[in-house]
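Colleague: See input29.cif below, with mmCIF, C-alpha atoms.
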```cif
data_target
loop_
_atom_site.label_atom_id
_atom_site.label_comp_id
_atom_site.auth_asym_id
_atom_site.auth_seq_id
_atom_site.Cartn_x
_atom_site.Cartn_y
_atom_site.Cartn_z
CA MET H 22 -19.77 -25.71 13.97
CA ASP H 23 -22.47 -23.96 11.95
CA HIS H 24 -24.79 -22.92 14.78
CA PRO H 25 -22.94 -22.53 18.10
CA ARG H 26 -25.09 -21.73 21.11
CA ALA H 27 -24.47 -18.92 23.57
CA GLY H 28 -23.72 -20.13 27.07
CA ALA H 29 -22.74 -23.58 25.78
CA HIS H 30 -20.17 -23.03 23.05
CA TYR H 31 -19.07 -19.48 23.80
CA PRO H 32 -19.42 -17.10 26.78
CA ARG H 33 -22.23 -14.55 26.70
CA SER H 34 -20.61 -11.89 28.86
CA LEU H 35 -17.38 -10.81 30.51
CA GLY H 36 -18.42 -12.46 33.78
CA GLU H 37 -19.07 -15.76 32.03
CA PHE H 38 -15.76 -15.46 30.17
CA GLN H 39 -13.88 -15.02 33.46
CA ALA H 40 -15.71 -17.99 34.97
CA TRP H 41 -14.98 -20.26 32.00
CA PHE H 42 -11.29 -19.49 31.49
CA ARG H 43 -9.82 -19.09 34.96
CA THR H 44 -6.74 -21.23 34.30
CA ASP H 45 -4.43 -22.04 31.42
CA ALA H 46 -5.76 -25.61 31.53
CA ASP H 47 -9.29 -24.33 30.86
CA CYS H 48 -8.05 -22.41 27.83
CA LEU H 49 -6.12 -25.41 26.53
CA ASP H 50 -9.17 -27.66 26.85
CA TYR H 51 -11.31 -25.13 24.94
CA LEU H 52 -8.75 -25.01 22.12
CA GLU H 53 -8.72 -28.81 22.02
CA TRP H 54 -12.51 -28.85 21.69
CA LEU H 55 -12.41 -26.22 18.93
CA ARG H 56 -9.70 -28.04 16.97
CA TRP H 57 -10.98 -31.60 17.46
CA PRO H 58 -14.67 -31.40 18.42
CA THR H 59 -15.17 -35.15 17.86
CA GLY H 60 -11.83 -36.24 19.32
CA PHE H 61 -8.19 -36.14 18.33
CA ALA H 62 -7.42 -36.42 14.61
CA CYS H 63 -3.82 -36.70 13.45
CA PRO H 64 -2.80 -33.66 11.33
CA GLY H 65 -0.83 -36.02 9.07
CA CYS H 66 -3.11 -38.98 8.34
CA GLY H 67 -6.38 -37.87 9.95
CA LEU H 68 -6.74 -40.94 12.17
CA GLY H 69 -7.23 -41.02 15.93
CA GLY H 70 -4.89 -41.76 18.78
CA TRP H 71 -4.46 -41.23 22.50
CA ARG H 72 -3.17 -38.69 24.98
CA LEU H 73 0.34 -39.07 26.37
CA GLY H 74 1.44 -38.35 29.90
CA ASP H 75 2.98 -34.99 28.95
CA GLY H 76 -0.33 -33.74 27.52
CA ARG H 77 0.53 -34.32 23.87
CA PHE H 78 -1.30 -36.68 21.51
CA MET H 79 0.08 -39.65 19.59
CA CYS H 80 -1.40 -41.01 16.37
CA ALA H 81 -2.27 -44.71 16.51
CA GLU H 82 -1.39 -45.20 12.82
CA CYS H 83 1.74 -43.16 11.99
CA GLY H 84 3.00 -42.49 15.53
CA HIS H 85 3.12 -38.74 14.98
CA ARG H 86 3.13 -36.74 18.20
CA THR H 87 1.58 -33.31 18.46
CA SER H 88 0.05 -30.89 20.93
CA VAL H 89 -3.14 -28.86 20.88
CA THR H 90 -1.34 -25.62 20.01
CA ALA H 91 1.13 -27.09 17.49
CA GLY H 92 0.34 -26.01 13.94
CA THR H 93 -1.82 -23.06 15.06
CA ILE H 94 -1.04 -19.40 15.70
CA PHE H 95 -0.36 -20.43 19.32
CA ASP H 96 2.50 -22.66 18.19
CA ARG H 97 5.66 -22.19 20.34
CA THR H 98 4.11 -19.30 22.21
CA ARG H 99 5.63 -18.37 25.56
CA THR H 100 2.67 -16.20 26.48
CA PRO H 101 0.23 -17.92 28.87
CA LEU H 102 -3.07 -18.93 27.26
CA THR H 103 -5.04 -16.93 29.82
CA VAL H 104 -3.30 -13.81 28.48
CA TRP H 105 -3.98 -14.91 24.90
CA PHE H 106 -7.67 -15.48 25.62
CA SER H 107 -8.01 -12.14 27.40
CA ALA H 108 -6.36 -10.35 24.47
CA CYS H 109 -8.65 -12.18 22.07
CA TRP H 110 -11.71 -11.20 24.14
CA LEU H 111 -10.66 -7.54 24.12
CA PHE H 112 -9.90 -7.76 20.40
CA ALA H 113 -13.24 -9.39 19.49
CA THR H 114 -15.70 -7.75 21.85
CA GLY H 115 -14.59 -4.13 21.56
CA LYS H 116 -16.77 -2.20 19.14
CA ASP H 117 -13.75 -0.52 17.56
CA GLY H 118 -11.15 -3.09 18.52
CA ILE H 119 -8.14 -2.28 20.66
CA SER H 120 -4.63 -1.00 20.11
CA ALA H 121 -1.45 -2.82 21.05
CA LEU H 122 -0.61 -0.18 23.66
CA SER H 123 -3.97 -0.69 25.37
CA VAL H 124 -3.46 -4.47 25.41
CA LYS H 125 0.00 -3.99 26.91
CA ARG H 126 -1.32 -1.80 29.70
CA THR H 127 -4.48 -3.80 30.41
CA LEU H 128 -2.84 -7.24 30.58
CA GLU H 129 0.44 -6.10 32.18
CA ILE H 130 2.54 -7.20 29.22
CA GLY H 131 6.07 -5.90 29.66
CA SER H 132 6.90 -5.58 25.96
CA TYR H 133 4.98 -3.55 23.41
CA GLN H 134 6.33 -5.83 20.67
CA THR H 135 4.69 -8.83 22.34
CA ALA H 136 1.27 -7.15 22.44
CA TRP H 137 1.70 -5.88 18.88
CA ALA H 138 2.63 -9.34 17.58
CA MET H 139 -0.32 -10.95 19.39
CA LEU H 140 -2.81 -8.63 17.72
CA HIS H 141 -1.20 -9.06 14.31
CA ARG H 142 -1.36 -12.82 14.65
CA LEU H 143 -5.07 -12.50 15.37
CA ARG H 144 -5.50 -10.23 12.33
CA SER H 145 -3.73 -12.76 10.13
CA VAL H 146 -6.48 -15.37 10.67
CA LEU H 147 -9.52 -13.20 9.97
CA VAL H 148 -9.83 -14.05 6.27
CA ARG H 149 -11.66 -17.38 6.16
CA PRO H 150 -10.48 -19.64 3.30
CA GLY H 151 -13.18 -20.16 0.69
CA ARG H 152 -15.44 -17.39 1.99
CA ASP H 153 -18.43 -16.47 -0.19
CA ARG H 154 -18.01 -13.68 -2.70
CA LEU H 155 -20.24 -10.62 -2.77
CA ALA H 156 -23.43 -10.95 -4.81
CA GLY H 157 -26.60 -9.10 -5.80
CA VAL H 158 -25.84 -5.42 -6.38
CA VAL H 159 -22.25 -4.38 -5.58
CA GLU H 160 -20.63 -0.95 -5.68
CA VAL H 161 -16.90 -0.88 -6.49
CA ASP H 162 -14.61 2.10 -6.19
CA GLU H 163 -11.14 3.03 -4.97
CA THR H 164 -9.84 5.50 -2.41
CA TYR H 165 -6.55 6.58 -0.85
CA ILE H 166 -5.82 5.57 2.74
CA GLY H 167 -2.78 6.54 4.76
CA GLY H 168 -1.11 9.24 6.82
CA GLU H 169 1.03 12.28 6.18
CA GLU H 170 4.69 12.15 5.29
CA PRO H 171 7.08 15.11 5.59
CA GLY H 172 8.12 16.69 2.32
CA LEU H 173 5.17 15.39 0.32
CA SER H 174 2.40 17.81 -0.54
CA GLY H 175 -1.01 16.92 -1.88
CA GLY H 176 -3.44 14.24 -0.79
CA ARG H 177 -2.45 11.81 -3.54
CA ALA H 178 1.32 12.28 -3.57
CA ARG H 179 3.19 9.07 -4.37
CA GLY H 180 4.35 7.33 -1.22
CA LYS H 181 2.02 9.30 1.00
CA LYS H 182 -1.18 7.26 0.75
CA VAL H 183 -2.07 3.76 -0.42
CA LEU H 184 -4.62 3.16 -3.17
CA THR H 185 -7.32 0.85 -1.79
CA ALA H 186 -10.13 -0.88 -3.65
CA ILE H 187 -13.54 -1.18 -1.97
CA ALA H 188 -16.53 -3.36 -2.83
CA VAL H 189 -19.81 -3.12 -0.89
CA GLU H 190 -23.11 -4.99 -1.28
CA VAL H 191 -26.18 -2.77 -1.67
CA LEU H 192 -29.36 -4.17 -0.14
CA GLU H 193 -32.92 -3.47 -1.24
CA PRO H 194 -34.85 -1.35 -0.40
CA LYS H 195 -31.99 0.23 1.61
CA GLY H 196 -28.94 -0.65 3.63
CA PHE H 197 -25.53 -2.18 3.08
CA GLY H 198 -24.39 -5.78 3.25
CA ARG H 199 -20.87 -7.15 3.35
CA CYS H 200 -17.74 -5.38 2.11
CA ARG H 201 -14.25 -6.17 0.88
CA MET H 202 -11.14 -3.95 0.92
CA LEU H 203 -7.70 -4.50 -0.60
CA PRO H 204 -4.63 -2.28 -1.22
CA LEU H 205 -3.73 -2.01 -4.92
CA ALA H 206 -0.52 -1.22 -6.78
CA ASP H 207 -2.34 1.12 -9.18
CA ALA H 208 -5.78 1.85 -10.65
CA SER H 209 -5.25 0.05 -13.94
CA ALA H 210 -7.45 -2.70 -15.30
CA ALA H 211 -4.67 -5.19 -14.48
CA SER H 212 -5.24 -4.43 -10.76
CA LEU H 213 -8.98 -3.66 -10.65
CA HIS H 214 -10.20 -6.66 -12.68
CA PRO H 215 -8.57 -9.29 -10.41
CA PHE H 216 -10.00 -7.51 -7.36
CA VAL H 217 -13.51 -7.74 -8.82
CA THR H 218 -13.20 -11.37 -9.93
CA ASP H 219 -11.73 -12.46 -6.56
CA HIS H 220 -14.38 -10.77 -4.41
CA VAL H 221 -17.56 -10.49 -6.52
CA GLU H 222 -19.65 -13.39 -7.82
CA PRO H 223 -20.07 -13.56 -11.63
CA GLY H 224 -23.48 -12.41 -12.82
CA THR H 225 -23.58 -9.66 -10.20
CA ARG H 226 -24.60 -6.14 -11.12
CA VAL H 227 -21.44 -4.09 -10.51
CA ILE H 228 -21.81 -0.32 -10.16
CA THR H 229 -18.68 1.78 -10.76
CA ASP H 230 -17.76 5.29 -11.85
CA GLY H 231 -16.53 6.11 -15.34
CA TRP H 232 -12.88 5.26 -14.74
CA GLN H 233 -11.28 3.47 -17.70
CA GLY H 234 -9.84 0.75 -15.48
CA TYR H 235 -13.29 -0.80 -15.07
CA ARG H 236 -13.86 -1.25 -18.81
CA GLY H 237 -14.24 -4.88 -19.83
CA LEU H 238 -16.14 -6.18 -16.78
CA GLU H 239 -18.95 -7.30 -19.10
CA LYS H 240 -16.57 -9.76 -20.75
CA LEU H 241 -15.81 -11.24 -17.31
CA GLY H 242 -19.46 -12.14 -16.73
CA TYR H 243 -20.70 -9.09 -14.81
CA ILE H 244 -23.54 -6.65 -15.44
CA HIS H 245 -21.61 -3.41 -15.50
CA ASP H 246 -23.45 -0.22 -14.52
CA ARG H 247 -21.18 2.78 -15.16
CA ARG H 248 -22.10 6.11 -13.57
CA SER H 249 -20.32 9.19 -14.85
CA GLN H 250 -19.40 11.87 -12.33
CA ARG H 251 -18.96 14.37 -15.16
CA ALA H 252 -22.54 13.75 -16.32
CA ALA H 253 -23.80 14.14 -12.74
CA ARG H 254 -22.09 17.52 -12.42
CA ALA H 255 -23.58 18.63 -15.73
CA LEU H 256 -27.05 17.77 -14.43
CA GLY H 257 -26.42 19.65 -11.17
CA GLU H 258 -26.29 16.46 -9.09
CA ASN H 259 -23.82 15.61 -6.34
CA PRO H 260 -21.18 13.19 -7.75
CA SER H 261 -20.50 11.75 -4.29
CA GLU H 262 -24.05 10.37 -4.18
CA LEU H 263 -23.47 8.11 -7.19
CA LEU H 264 -21.68 5.51 -5.03
CA PRO H 265 -22.94 6.11 -1.46
CA ALA H 266 -22.05 2.65 -0.11
CA VAL H 267 -18.33 2.70 -0.89
CA HIS H 268 -18.03 6.31 0.25
CA ARG H 269 -19.65 5.46 3.60
CA VAL H 270 -17.42 2.41 4.14
CA ALA H 271 -14.27 4.34 3.15
CA SER H 272 -15.15 7.09 5.63
CA LEU H 273 -15.77 4.57 8.42
CA ALA H 274 -12.46 2.80 7.74
CA LYS H 275 -10.47 6.05 7.83
CA ARG H 276 -12.16 7.18 11.05
CA TRP H 277 -11.49 3.78 12.62
CA LEU H 278 -7.79 3.93 11.74
CA LEU H 279 -7.53 7.46 13.15
CA GLY H 280 -9.55 6.70 16.27
CA THR H 281 -8.39 3.27 17.47
CA HIS H 282 -4.87 3.32 16.05
CA GLN H 283 -4.24 7.09 15.93
CA GLY H 284 -3.48 6.80 12.22
CA SER H 285 -0.10 5.17 12.96
CA VAL H 286 -0.50 2.30 10.49
CA ASP H 287 2.49 1.29 8.39
CA ASP H 288 1.83 0.76 4.68
CA ALA H 289 3.24 -2.76 4.91
CA HIS H 290 0.58 -3.70 7.51
CA LEU H 291 -2.36 -1.80 6.01
CA ARG H 292 -3.80 -4.96 4.49
CA SER H 293 -3.98 -6.64 7.92
CA TYR H 294 -5.77 -3.65 9.43
CA LEU H 295 -8.23 -3.55 6.52
CA ASN H 296 -8.93 -7.26 7.03
CA GLU H 297 -9.77 -6.49 10.65
CA PHE H 298 -12.08 -3.64 9.63
CA VAL H 299 -13.86 -5.86 7.07
CA PHE H 300 -14.23 -8.62 9.68
CA ARG H 301 -15.83 -6.19 12.14
CA PHE H 302 -18.02 -4.46 9.55
CA ASN H 303 -19.42 -7.74 8.23
CA ARG H 304 -20.32 -8.82 11.78
CA ARG H 305 -21.67 -5.48 12.99
CA ARG H 306 -25.17 -6.95 13.38
CA SER H 307 -24.05 -9.85 15.57
CA ARG H 308 -26.20 -9.92 18.70
CA SER H 309 -23.49 -11.47 20.84
CA ARG H 310 -19.89 -10.30 21.06
CA GLY H 311 -19.09 -13.75 22.46
CA MET H 312 -19.92 -15.19 19.05
CA VAL H 313 -17.24 -12.98 17.47
CA PHE H 314 -14.77 -14.22 20.10
CA TYR H 315 -15.71 -17.81 19.20
CA ARG H 316 -15.19 -17.18 15.48
CA VAL H 317 -11.76 -15.62 16.01
CA LEU H 318 -10.53 -18.60 18.05
CA GLU H 319 -12.12 -21.01 15.58
CA LEU H 320 -10.10 -19.43 12.79
CA ALA H 321 -6.98 -19.26 14.98
CA VAL H 322 -6.77 -23.02 15.63
CA ALA H 323 -7.27 -23.74 11.91
CA HIS H 324 -4.53 -21.33 10.78
CA ASP H 325 -0.88 -22.16 10.22
CA PRO H 326 1.72 -20.74 12.64
CA VAL H 327 2.69 -17.08 12.13
CA ARG H 328 6.25 -16.21 13.11
CA TYR H 329 7.39 -12.80 14.31
CA ARG H 330 9.89 -12.50 11.45
CA ASP H 331 6.96 -12.78 9.02
CA LEU H 332 5.11 -9.93 10.72
CA ILE H 333 7.76 -7.23 10.86
CA ALA H 334 7.81 -4.84 7.90
CA THR H 335 11.57 -4.24 7.76
CA LYS H 336 14.31 -6.80 8.06
CA ARG H 337 17.39 -6.08 10.14
CA SER H 338 20.58 -5.58 8.17
CA ARG H 339 23.28 -8.11 8.90
CA ALA H 340 25.89 -5.36 8.63
CA VAL H 341 24.66 -3.86 11.91
CA PRO H 342 26.30 -5.51 14.94
CA PRO H 343 23.85 -7.50 17.04
CA ALA H 344 22.43 -5.90 20.16
CA PRO H 345 23.69 -7.17 23.52
CA PRO H 346 21.63 -10.01 24.96
CA ARG H 347 18.91 -9.03 27.36
CA VAL H 348 16.89 -10.88 29.92
CA ARG H 349 13.79 -12.34 28.26
CA TRP H 350 10.59 -11.53 30.09
CA HIS H 351 7.18 -12.99 29.49
CA PRO H 352 3.79 -11.67 30.65
CA PRO H 353 2.49 -13.22 33.85
CA SER H 354 -0.33 -15.71 33.61
CA LEU H 355 -3.79 -14.49 34.57
CA GLU H 356 -4.28 -17.78 36.37
CA ARG H 357 -4.29 -16.51 39.92
CA PRO H 358 -5.85 -17.71 43.17
CA PRO H 359 -8.69 -15.74 44.79
CA ALA H 360 -7.41 -12.57 46.44
CA ASN H 361 -9.58 -12.96 49.56
CA ARG H 362 -10.63 -9.28 49.62
CA PRO H 363 -7.23 -7.63 50.12
CA TRP H 364 -8.84 -4.25 50.72
CA ARG H 365 -10.05 -5.61 54.07
CA THR H 366 -6.58 -6.71 55.17
CA ALA H 367 -4.45 -3.85 53.81
CA GLY H 368 -4.39 -1.98 57.12
CA PRO H 369 -6.18 1.15 58.36
CA LYS H 370 -7.52 3.78 56.00
CA LEU H 371 -5.24 6.58 54.92
CA ARG H 372 -5.43 9.77 56.90
CA LEU H 373 -6.18 13.02 55.11
CA ASN H 374 -3.90 15.94 56.15
CA GLY H 375 -2.97 14.05 59.29
CA TYR H 376 -6.58 13.71 60.53
CA PRO H 377 -8.68 10.52 60.55
CA PRO H 378 -11.52 10.37 58.02
CA ARG H 379 -14.77 11.94 59.18
CA THR H 380 -17.74 9.72 59.88
CA LEU H 381 -21.01 10.93 58.39
#
```
Would you give me this structure, written as structure tokens?

Modeller:
Amino acid sequence: MDHPRAGAHYPRSLGEFQAWFRTDADCLDYLEWLRWPTGFACPGCGLGGWRLGDGRFMCAECGHRTSVTAGTIFDRTRTPLTVWFSACWLFATGKDGISALSVKRTLEIGSYQTAWAMLHRLRSVLVRPGRDRLAGVVEVDETYIGGEEPGLSGGRARGKKVLTAIAVEVLEPKGFGRCRMLPLADASAASLHPFVTDHVEPGTRVITDGWQGYRGLEKLGYIHDRRSQRAARALGENPSELLPAVHRVASLAKRWLLGTHQGSVDDAHLRSYLNEFVFRFNRRRSRSRGMVFYRVLELAVAHDPVRYRDLIATKRSRAVPPAPPRVRWHPPSLERPPANRPWRTAGPKLRLNGYPPRTL
């Protein structure tokens, strides 16, 4: 839907969110509406069908049976949908997002791995297929992002930080537009040129520094504006002011990683975290946080399933003997009956130092 309306297609506030999604059935119906707004359409042939008694759908043409969550990131999930929706609301409405530990504590999830995997599944859907490339005037530069490692000295020691390319739209007369960020293998033309062609529209004026890796952008259809830091120093100017947009975005990304995630981001997952930062930065002017929640779920039901084995950075060695089986535990559903004011029926007030509370 191109123009969803607040209060009709997505909740406007936390109170409205809690009123809309009180049960798992409410959440399932909302996902059904997001996935098939005009009615069920078979994922195989695209034709309609009918609902079965067990809640699944059956295609009238090919006989294929499917459910609302099948083929989405909610496929085969054992976590109740009320917990999923609450995690998605916290993920989308928080100004700086939320960490897996905070989700675990807030939603009473017994396993940190479960909360971590939920957030990473949400991050995996944030890049919309076929999204528009940057246009107009775009600054492009690269920076190093990452944390410290013992035994490695220097800010750019190999293995310590990850080289990351940044592209930011520059608006006239002032201000910044959208941005893109991507980890790179190196700063050669073989890495920088594909980044520019994948994220910047041809014919755009691209502003870079004098690094040799940017040579040849004119042949790719761009208006290349090179700004030499050495020339700026010779003229007594501040070299950091040649590309203010990318420097501002790089600083914000590093502060976000240190603040929300305490800098504990594995190199293998850095791309997912940068996708989340780009998603938030490009929607920083959204008037309603509920709209961001709507967009995340809209992308989630259109995305293929993401398995836990695809999320983990390191694979377990088969030489290690398997761990003993443990009792599987799943987070409780947030679908709960009204509590009927338990503070009124919990008994008398606690006494302080053996004396009843004073009446003022």

Colleague: Name the residues within 9 Å of (-1.3, -37.8, 20.4), counting all atoms listed in the file in the file's coordinates, and put them as number ranges by chain.

Modeller: H: 61-63, 69-73, 76-81, 84-88

Colleague: Take CA of Val270 (chain H) and CA of Cys200 (chain H) and report the distance between them in Å, one decimal.

Modeller: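 Separation of CA of Val270 (chain H) and CA of Cys200 (chain H): 8.1 Å.
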
Colleague: I need the output of the PyMOL selection byres ((chain H and resi 91) around 12) for this file as a ChimeraX atom specification; which residues are they?

Modeller: /H:49,52-53,56,63-64,77-78,86-90,92-98,321-327

Colleague: Near region 213-229 of chain H, counting all atoms listed in the file, which residues have an atom at most 8 Å away, once you skip same-chain residues fewer than 6 positions from it, shown as a PDB file with C-alpha atoms, keeping the file's coordinate frame?

Modeller:
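Output (result.pdb):
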```
ATOM      1  CA  ARG H 154     -18.010 -13.680  -2.700  1.00  0.00           C
ATOM      2  CA  LEU H 155     -20.240 -10.620  -2.770  1.00  0.00           C
ATOM      3  CA  ALA H 156     -23.430 -10.950  -4.810  1.00  0.00           C
ATOM      4  CA  GLY H 157     -26.600  -9.100  -5.800  1.00  0.00           C
ATOM      5  CA  VAL H 158     -25.840  -5.420  -6.380  1.00  0.00           C
ATOM      6  CA  VAL H 159     -22.250  -4.380  -5.580  1.00  0.00           C
ATOM      7  CA  GLU H 160     -20.630  -0.950  -5.680  1.00  0.00           C
ATOM      8  CA  VAL H 161     -16.900  -0.880  -6.490  1.00  0.00           C
ATOM      9  CA  ASP H 162     -14.610   2.100  -6.190  1.00  0.00           C
ATOM     10  CA  ALA H 186     -10.130  -0.880  -3.650  1.00  0.00           C
ATOM     11  CA  ALA H 188     -16.530  -3.360  -2.830  1.00  0.00           C
ATOM     12  CA  ARG H 201     -14.250  -6.170   0.880  1.00  0.00           C
ATOM     13  CA  LEU H 203      -7.700  -4.500  -0.600  1.00  0.00           C
ATOM     14  CA  LEU H 205      -3.730  -2.010  -4.920  1.00  0.00           C
ATOM     15  CA  TYR H 235     -13.290  -0.800 -15.070  1.00  0.00           C
ATOM     16  CA  LEU H 238     -16.140  -6.180 -16.780  1.00  0.00           C
ATOM     17  CA  LEU H 241     -15.810 -11.240 -17.310  1.00  0.00           C
ATOM     18  CA  GLY H 242     -19.460 -12.140 -16.730  1.00  0.00           C
ATOM     19  CA  TYR H 243     -20.700  -9.090 -14.810  1.00  0.00           C
ATOM     20  CA  ILE H 244     -23.540  -6.650 -15.440  1.00  0.00           C
ATOM     21  CA  HIS H 245     -21.610  -3.410 -15.500  1.00  0.00           C
ATOM     22  CA  ASP H 246     -23.450  -0.220 -14.520  1.00  0.00           C
ATOM     23  CA  ARG H 247     -21.180   2.780 -15.160  1.00  0.00           C
ATOM     24  CA  ARG H 248     -22.100   6.110 -13.570  1.00  0.00           C
ATOM     25  CA  LEU H 264     -21.680   5.510  -5.030  1.00  0.00           C
TER      26      LEU H 264
END
```

Colleague: So that I can see what lies close to Gln39 (chain H), please list as a ChimeraX atom specification the residues with an atom at most 12 Å from it, counting only C-alpha atoms and leaving out residues fewer than 4 positions away in the same chain.

Modeller: /H:31-35,43-45,47-48,103-104,106-107,110,355-357

Colleague: Next, dump the selected residues to file, keeping only C-alpha atoms, as a compact mmCIF listing (two decimals), in the coordinates of the input.

Modeller:
```
# COMPACT_ATOMS: atom_id res chain seq x y z
CA TYR H 31 -19.07 -19.48 23.80
CA PRO H 32 -19.42 -17.10 26.78
CA ARG H 33 -22.23 -14.55 26.70
CA SER H 34 -20.61 -11.89 28.86
CA LEU H 35 -17.38 -10.81 30.51
CA ARG H 43 -9.82 -19.09 34.96
CA THR H 44 -6.74 -21.23 34.30
CA ASP H 45 -4.43 -22.04 31.42
CA ASP H 47 -9.29 -24.33 30.86
CA CYS H 48 -8.05 -22.41 27.83
CA THR H 103 -5.04 -16.93 29.82
CA VAL H 104 -3.30 -13.81 28.48
CA PHE H 106 -7.67 -15.48 25.62
CA SER H 107 -8.01 -12.14 27.40
CA TRP H 110 -11.71 -11.20 24.14
CA LEU H 355 -3.79 -14.49 34.57
CA GLU H 356 -4.28 -17.78 36.37
CA ARG H 357 -4.29 -16.51 39.92
```

Colleague: Which residues would end up in the selection if the PyMOL selection byres ((chain H and resi 274-285) around 8) were applied here, given that I need the answer as a PDB file with C-alpha atoms, in the coordinates of the input?

Modeller:
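After the write, result_29.pdb holds the following:
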```pdb
ATOM      1  CA  ASP H 117     -13.750  -0.520  17.560  1.00  0.00           C
ATOM      2  CA  GLY H 118     -11.150  -3.090  18.520  1.00  0.00           C
ATOM      3  CA  ILE H 119      -8.140  -2.280  20.660  1.00  0.00           C
ATOM      4  CA  SER H 120      -4.630  -1.000  20.110  1.00  0.00           C
ATOM      5  CA  ILE H 166      -5.820   5.570   2.740  1.00  0.00           C
ATOM      6  CA  GLY H 167      -2.780   6.540   4.760  1.00  0.00           C
ATOM      7  CA  GLY H 168      -1.110   9.240   6.820  1.00  0.00           C
ATOM      8  CA  VAL H 270     -17.420   2.410   4.140  1.00  0.00           C
ATOM      9  CA  ALA H 271     -14.270   4.340   3.150  1.00  0.00           C
ATOM     10  CA  SER H 272     -15.150   7.090   5.630  1.00  0.00           C
ATOM     11  CA  LEU H 273     -15.770   4.570   8.420  1.00  0.00           C
ATOM     12  CA  VAL H 286      -0.500   2.300  10.490  1.00  0.00           C
ATOM     13  CA  ASP H 287       2.490   1.290   8.390  1.00  0.00           C
ATOM     14  CA  LEU H 295      -8.230  -3.550   6.520  1.00  0.00           C
ATOM     15  CA  PHE H 298     -12.080  -3.640   9.630  1.00  0.00           C
TER      16      PHE H 298
END
```

Colleague: Just the residues within 8 Å of Pro204 (chain H), please, counting all atoms listed in the file, with nothing from its chain fewer than 2 positions along; format it as a PyMOL selection string.

Modeller: chain H and resi 183-186+202+206+291-292

Colleague: So, with all atoms listed in the file as the atoms that count, which of H:Ile187, H:Leu68, H:Ala108, H:Ala113 lies closest to Arg305 (chain H)?

Modeller: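 Of H:Ile187, H:Leu68, H:Ala108, H:Ala113, the one nearest Arg305 (chain H) is H:Ala113, counting all atoms listed in the file.
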